[in-house]
>>> print(open('entry.cif').read())   # mmCIF, C-alpha atoms
data_data
loop_
_atom_site.label_atom_id
_atom_site.label_comp_id
_atom_site.auth_asym_id
_atom_site.auth_seq_id
_atom_site.Cartn_x
_atom_site.Cartn_y
_atom_site.Cartn_z
CA MET A 628 -25.00 -34.07 43.95
CA PHE A 629 -25.13 -30.29 44.10
CA GLY A 630 -21.36 -30.07 43.62
CA ARG A 631 -21.50 -32.30 40.51
CA LYS A 632 -24.31 -30.20 39.06
CA LYS A 633 -22.33 -27.03 39.70
CA ARG A 634 -19.28 -28.42 37.88
CA GLN A 635 -21.43 -29.33 34.89
CA LEU A 636 -22.82 -25.82 34.76
CA ASP A 637 -19.31 -24.33 34.91
CA THR A 638 -17.77 -26.55 32.23
CA GLY A 639 -20.74 -27.43 30.07
CA ASP A 640 -20.34 -24.42 27.78
CA GLY A 641 -16.79 -24.37 26.45
CA ASN A 642 -17.28 -21.03 24.67
CA ARG A 643 -17.75 -19.32 28.03
CA HIS A 644 -14.01 -19.58 28.77
CA GLN A 645 -12.81 -18.50 25.32
CA SER A 646 -11.66 -14.99 24.51
CA PRO A 647 -13.56 -12.82 22.02
CA TRP A 648 -10.66 -13.12 19.53
CA VAL A 649 -10.88 -16.93 19.60
CA LEU A 650 -14.63 -16.80 19.04
CA ALA A 651 -14.16 -14.31 16.19
CA ARG A 652 -11.61 -16.58 14.49
CA GLN A 653 -13.93 -19.57 14.83
CA ARG A 654 -16.78 -17.67 13.24
CA LEU A 655 -14.47 -16.40 10.48
CA ARG A 656 -13.35 -19.94 9.60
CA GLN A 657 -16.96 -21.01 9.27
CA HIS A 658 -17.64 -18.26 6.70
CA ARG A 659 -15.77 -19.28 3.54
CA PRO A 660 -16.39 -16.06 1.53
CA ALA A 661 -14.95 -14.06 4.42
CA VAL A 662 -11.91 -16.36 4.60
CA TRP A 663 -11.18 -15.96 0.88
CA SER A 664 -11.73 -12.20 1.11
CA LEU A 665 -9.17 -12.06 3.91
CA ARG A 666 -6.68 -14.08 1.87
CA ILE A 667 -7.10 -11.79 -1.13
CA LEU A 668 -6.66 -8.76 1.13
CA VAL A 669 -3.42 -10.21 2.52
CA VAL A 670 -2.11 -10.75 -1.02
CA LEU A 671 -2.99 -7.17 -2.00
CA LEU A 672 -1.33 -5.81 1.13
CA PHE A 673 1.79 -7.85 0.38
CA ILE A 674 1.92 -6.43 -3.16
CA ALA A 675 1.41 -2.90 -1.82
CA LEU A 676 4.16 -3.21 0.80
CA PHE A 677 6.72 -4.83 -1.49
CA ALA A 678 5.74 -3.12 -4.75
CA ASP A 679 9.25 -1.77 -5.32
CA PHE A 680 10.69 -5.28 -4.97
CA ILE A 681 8.12 -6.74 -7.39
CA ALA A 682 8.15 -4.17 -10.21
CA ASN A 683 11.18 -1.94 -10.57
CA VAL A 684 13.68 -0.97 -13.22
CA ARG A 685 16.40 -1.04 -10.54
CA PRO A 686 17.90 -4.36 -9.39
CA ILE A 687 17.18 -5.62 -5.90
CA TYR A 688 20.84 -6.57 -5.52
CA CYS A 689 23.81 -6.13 -7.82
CA ARG A 690 27.58 -6.38 -7.81
CA ILE A 691 29.65 -3.99 -9.88
CA GLU A 692 33.47 -4.00 -9.85
CA GLY A 693 33.50 -6.19 -6.79
CA ARG A 694 31.23 -3.91 -4.74
CA HIS A 695 27.77 -4.88 -3.51
CA TYR A 696 24.75 -2.60 -3.89
CA PHE A 697 21.05 -2.70 -3.01
CA PRO A 698 19.52 -0.06 -5.31
CA VAL A 699 15.87 -0.72 -4.39
CA VAL A 700 16.60 -0.13 -0.69
CA LYS A 701 18.70 2.94 -1.47
CA GLN A 702 15.80 4.29 -3.50
CA TYR A 703 13.87 4.88 -0.26
CA ALA A 704 16.73 6.91 1.22
CA VAL A 705 17.01 8.97 -1.97
CA SER A 706 13.25 9.63 -2.01
CA LEU A 707 13.38 10.82 1.61
CA GLY A 708 16.30 13.14 0.84
CA LEU A 709 18.69 11.21 3.11
CA SER A 710 21.03 10.22 0.30
CA ASN A 711 21.66 10.67 -3.41
CA TRP A 712 22.69 8.54 -6.34
CA LYS A 713 26.40 8.35 -7.03
CA PRO A 714 28.29 6.87 -10.00
CA PRO A 715 27.61 4.51 -11.60
CA PHE A 716 23.94 4.89 -10.60
CA ASN A 717 23.44 8.59 -11.35
CA GLY A 718 22.28 7.83 -14.91
CA ASN A 719 18.77 7.08 -16.02
CA ASN A 720 19.26 3.84 -17.96
CA TRP A 721 19.85 1.00 -15.53
CA ARG A 722 20.03 -1.62 -18.27
CA GLU A 723 23.24 -0.17 -19.72
CA LEU A 724 25.18 -0.84 -16.52
CA THR A 725 27.59 -3.77 -16.53
CA TYR A 726 26.58 -6.07 -13.69
CA GLU A 727 28.85 -8.83 -12.49
CA LYS A 728 25.79 -10.25 -10.75
CA ALA A 729 22.27 -8.90 -10.39
CA ILE A 730 18.94 -9.96 -8.92
CA MET A 731 16.17 -8.18 -10.77
CA PRO A 732 12.56 -7.80 -9.62
CA LEU A 733 9.92 -10.12 -11.04
CA ILE A 734 8.79 -7.28 -13.34
CA PRO A 735 11.89 -5.38 -14.57
CA TYR A 736 9.94 -2.17 -15.19
CA SER A 737 8.71 0.69 -13.02
CA ALA A 738 5.25 2.17 -13.47
CA ASN A 739 6.74 5.26 -15.17
CA THR A 740 9.31 3.43 -17.33
CA LEU A 741 8.85 4.21 -21.03
CA ASP A 742 9.57 1.57 -23.64
CA VAL A 743 9.57 3.52 -26.89
CA TYR A 744 10.01 0.35 -28.94
CA ASN A 745 6.87 -1.31 -27.58
CA GLY A 746 4.33 1.49 -27.38
CA ASN A 747 0.92 1.91 -28.94
CA TYR A 748 -0.85 -0.86 -26.98
CA VAL A 749 1.38 -3.86 -27.60
CA GLY A 750 -0.52 -6.96 -26.50
CA PRO A 751 0.91 -9.73 -24.30
CA PHE A 752 0.90 -12.19 -27.22
CA ASP A 753 2.10 -9.72 -29.85
CA LYS A 754 5.63 -9.62 -31.16
CA GLN A 755 7.69 -7.38 -28.88
CA LYS A 756 11.04 -5.71 -29.48
CA THR A 757 12.98 -6.79 -26.39
CA THR A 758 16.56 -7.88 -25.85
CA SER A 759 15.48 -11.08 -24.10
CA THR A 760 12.43 -12.88 -22.73
CA ARG A 761 13.33 -11.48 -19.32
CA TYR A 762 12.26 -8.00 -20.45
CA ARG A 763 9.04 -9.05 -22.14
CA HIS A 764 5.85 -7.18 -21.22
CA TRP A 765 3.71 -10.09 -20.02
CA LEU A 766 0.53 -8.01 -19.84
CA GLY A 767 1.42 -5.71 -22.71
CA THR A 768 1.89 -1.94 -22.73
CA ASN A 769 -0.29 1.15 -22.97
CA ARG A 770 -0.25 3.81 -25.65
CA VAL A 771 3.04 5.47 -24.61
CA GLY A 772 4.90 2.27 -23.68
CA HIS A 773 4.28 1.86 -19.94
CA ASP A 774 4.26 -1.73 -18.72
CA VAL A 775 0.71 -2.71 -17.73
CA ALA A 776 1.81 -5.19 -15.04
CA ALA A 777 4.05 -2.60 -13.37
CA GLY A 778 1.18 -0.12 -13.48
CA LEU A 779 -1.13 -2.62 -11.77
CA VAL A 780 1.41 -3.16 -8.98
CA ALA A 781 1.80 0.59 -8.44
CA GLY A 782 -1.98 1.02 -8.59
CA THR A 783 -2.41 -1.65 -5.92
CA ARG A 784 -0.11 0.30 -3.59
CA THR A 785 -2.01 3.54 -4.23
CA ALA A 786 -5.39 1.87 -3.69
CA MET A 787 -4.29 0.19 -0.45
CA LEU A 788 -2.75 3.41 0.82
CA VAL A 789 -5.90 5.39 0.11
CA GLY A 790 -8.07 2.67 1.68
CA VAL A 791 -5.95 2.35 4.83
CA VAL A 792 -5.72 6.12 5.33
CA ALA A 793 -9.45 6.57 4.72
CA MET A 794 -10.40 3.79 7.15
CA ALA A 795 -7.94 5.10 9.74
CA LEU A 796 -9.47 8.57 9.52
CA ALA A 797 -13.00 7.15 9.68
CA THR A 798 -12.08 5.06 12.73
CA LEU A 799 -10.41 8.00 14.44
CA ILE A 800 -13.37 10.29 13.82
CA GLY A 801 -15.89 7.61 14.82
CA VAL A 802 -14.10 6.71 18.05
CA LEU A 803 -13.63 10.39 18.94
CA LEU A 804 -17.25 11.36 18.31
CA GLY A 805 -18.55 8.20 19.97
CA SER A 806 -16.43 8.83 23.05
CA LEU A 807 -17.57 12.44 23.26
CA ALA A 808 -21.21 11.43 22.84
CA GLY A 809 -20.92 8.74 25.51
CA TYR A 810 -19.17 11.05 27.95
CA PHE A 811 -21.26 14.21 27.58
CA GLY A 812 -24.60 12.62 26.71
CA ASP A 813 -27.40 14.52 25.01
CA GLN A 814 -27.45 17.61 27.23
CA HIS A 815 -23.88 18.51 28.20
CA LEU A 816 -22.36 19.11 24.75
CA ARG A 817 -24.12 21.59 22.52
CA LEU A 818 -22.87 23.66 19.61
CA SER A 819 -24.28 26.82 18.18
CA ARG A 820 -25.23 27.07 14.54
CA ALA A 821 -22.26 29.33 13.88
CA ALA A 822 -19.86 26.75 15.37
CA VAL A 823 -21.40 23.95 13.30
CA LEU A 824 -21.05 26.10 10.18
CA LEU A 825 -17.39 26.93 10.91
CA TYR A 826 -16.51 23.32 11.68
CA SER A 827 -18.20 22.18 8.46
CA LEU A 828 -16.23 24.72 6.42
CA GLY A 829 -13.00 23.59 8.11
CA LEU A 830 -13.70 19.94 7.34
CA ALA A 831 -14.53 20.78 3.72
CA ALA A 832 -11.29 22.75 3.36
CA GLY A 833 -9.27 19.93 4.92
CA PHE A 834 -10.88 17.36 2.65
CA TYR A 835 -10.18 19.52 -0.42
CA TYR A 836 -6.51 19.96 0.47
CA ALA A 837 -5.95 16.32 1.45
CA PHE A 838 -7.74 14.52 -1.39
CA ILE A 839 -8.26 16.99 -4.25
CA ALA A 840 -5.42 19.52 -4.18
CA ARG A 841 -2.94 16.72 -3.44
CA SER A 842 -4.43 14.24 -5.92
CA ALA A 843 -1.27 14.39 -8.06
CA ALA A 844 0.79 13.22 -5.08
CA TRP A 845 -1.65 10.35 -4.53
CA MET A 846 -1.35 9.25 -8.14
CA ASP A 847 2.45 9.49 -8.17
CA GLY A 848 2.71 7.51 -4.93
CA ASN A 849 4.79 10.25 -3.26
CA LEU A 850 2.26 11.32 -0.62
CA LEU A 851 3.50 8.82 1.95
CA ILE A 852 7.05 10.10 1.49
CA GLU A 853 5.85 13.69 1.97
CA ILE A 854 4.03 12.68 5.16
CA ILE A 855 7.21 11.04 6.52
CA LYS A 856 9.24 14.14 5.65
CA ALA A 857 6.73 16.40 7.40
CA SER A 858 6.67 14.18 10.49
CA ALA A 859 10.48 14.09 10.65
CA SER A 860 10.76 17.87 10.38
#
>>> encode(input="entry.cif", output="structure tokens")
Amino acid sequence: MFGRKKRQLDTGDGNRHQSPWVLARQRLRQHRPAVWSLRILVVLLFIALFADFIANVRPIYCRIEGRHYFPVVKQYAVSLGLSNWKPPFNGNNWRELTYEKAIMPLIPYSANTLDVYNGNYVGPFDKQKTTSTRYRHWLGTNRVGHDVAAGLVAGTRTAMLVGVVAMALATLIGVLLGSLAGYFGDQHLRLSRAAVLLYSLGLAAGFYYAFIARSAAWMDGNLLIEIIKASAS
């Protein structure tokens, strides 16, 4: 009788043998707003990671004179300084190239591509001067002729990059300070007023350089490339 009672106590609560990750997933599935928020976040992260394959004036794949090229992939090497554009890709107008076969991105415009024939806030349902429906601006253009959809894709990448970097820094600082506080306690780690002042000035200077002085790099989407270059050197 005692053995049967012991077995019931050991197996009566199934959650006792489940890992914290399994319990967290079960609770997440029961919270529908959280599930939909996670799905939207995954979509935004996908757009941010593959932004160059979604909106780009360069083809994803093309064949010219019997040779195969992947201009979007080569763009990363050119941005990192590992390669450079060679004929016939050293020009600025990719539409004038004669492709034997080409796979274009869903949005055939980059965020900084100017369409001088469809500027001054052309709406998505307005008459547009394009060579074909393939090059239509489905969300319209801004005042100078930038494609709105391509700008949204590039903006999603910038927003996700800023959010991920900010949360990574916050996590790093929180874990570091929490570990120090737990290890030293309230009495073993003390700072003078001068040290607190100097550390505060250093943090303010670092914040200014990272997020204000380099704001142009954030907006252009080149900050990640600069970070990779600095890490490689």
>>> closest_residue(input="entry.cif", among="A:Tyr726, A:Phe752, A:Tyr836, A:Phe811", to="His695 (chain A)", atoms="only C-alpha atoms")
A:Tyr726
>>> atom_distance(input="entry.cif", atom1="CA of Val684 (chain A)", atom2="CA of Leu668 (chain A)")
26.1 Å
>>> residues_around(input="entry.cif", residues="region 741-745 of chain A", least_positions_apart="5", cutoff="8 Å", atoms="only C-alpha atoms", output="PDB file with C-alpha atoms, keeping the file's coordinate frame")
ATOM      1  CA  GLN A 755       7.690  -7.380 -28.880  1.00  0.00           C
ATOM      2  CA  LYS A 756      11.040  -5.710 -29.480  1.00  0.00           C
ATOM      3  CA  THR A 768       1.890  -1.940 -22.730  1.00  0.00           C
ATOM      4  CA  VAL A 771       3.040   5.470 -24.610  1.00  0.00           C
ATOM      5  CA  GLY A 772       4.900   2.270 -23.680  1.00  0.00           C
ATOM      6  CA  HIS A 773       4.280   1.860 -19.940  1.00  0.00           C
ATOM      7  CA  ASP A 774       4.260  -1.730 -18.720  1.00  0.00           C
TER       8      ASP A 774
END
>>> residues_near_point(input="entry.cif", point="(-0.2, -4.2, -28.4)", cutoff="10 Å", atoms="all atoms listed in the file", output="ChimeraX atom specification")
/A:745-755,764,766-770,772
>>> closest_residue(input="entry.cif", among="A:Pro686, A:Gly812, A:Pro698, A:Gly693", to="Arg722 (chain A)", atoms="all atoms listed in the file")
A:Pro686
>>> atom_distance(input="entry.cif", atom1="CA of Val699 (chain A)", atom2="CA of Ala729 (chain A)")
12.0 Å
>>> atom_distance(input="entry.cif", atom1="CA of Leu655 (chain A)", atom2="CA of Val669 (chain A)")
15.0 Å
>>> resolve_selection(input="entry.cif", expression="the PyMOL selection byres ((chain A and resi 680) around 9)", output="PDB file with C-alpha atoms, in the frame of the given file")
ATOM      1  CA  LEU A 676       4.160  -3.210   0.800  1.00  0.00           C
ATOM      2  CA  PHE A 677       6.720  -4.830  -1.490  1.00  0.00           C
ATOM      3  CA  ALA A 678       5.740  -3.120  -4.750  1.00  0.00           C
ATOM      4  CA  ASP A 679       9.250  -1.770  -5.320  1.00  0.00           C
ATOM      5  CA  ILE A 681       8.120  -6.740  -7.390  1.00  0.00           C
ATOM      6  CA  ALA A 682       8.150  -4.170 -10.210  1.00  0.00           C
ATOM      7  CA  ASN A 683      11.180  -1.940 -10.570  1.00  0.00           C
ATOM      8  CA  PRO A 686      17.900  -4.360  -9.390  1.00  0.00           C
ATOM      9  CA  ILE A 687      17.180  -5.620  -5.900  1.00  0.00           C
ATOM     10  CA  VAL A 699      15.870  -0.720  -4.390  1.00  0.00           C
ATOM     11  CA  VAL A 700      16.600  -0.130  -0.690  1.00  0.00           C
ATOM     12  CA  MET A 731      16.170  -8.180 -10.770  1.00  0.00           C
ATOM     13  CA  PRO A 732      12.560  -7.800  -9.620  1.00  0.00           C
ATOM     14  CA  LEU A 733       9.920 -10.120 -11.040  1.00  0.00           C
ATOM     15  CA  ILE A 734       8.790  -7.280 -13.340  1.00  0.00           C
TER      16      ILE A 734
END
>>> residues_around(input="entry.cif", residues="Lys728 (chain A)", least_positions_apart="2", cutoff="9 Å", atoms="all atoms listed in the file", output="ChimeraX atom specification")
/A:688-691,725-726,730
>>> closest_residue(input="entry.cif", among="A:Leu830, A:Met794, A:Ile800, A:Leu779", to="Ile674 (chain A)", atoms="all atoms listed in the file")
A:Leu779
>>> closest_residue(input="entry.cif", among="A:Val802, A:Ala822, A:Ala738, A:Ala837", to="Val775 (chain A)", atoms="all atoms listed in the file")
A:Ala738
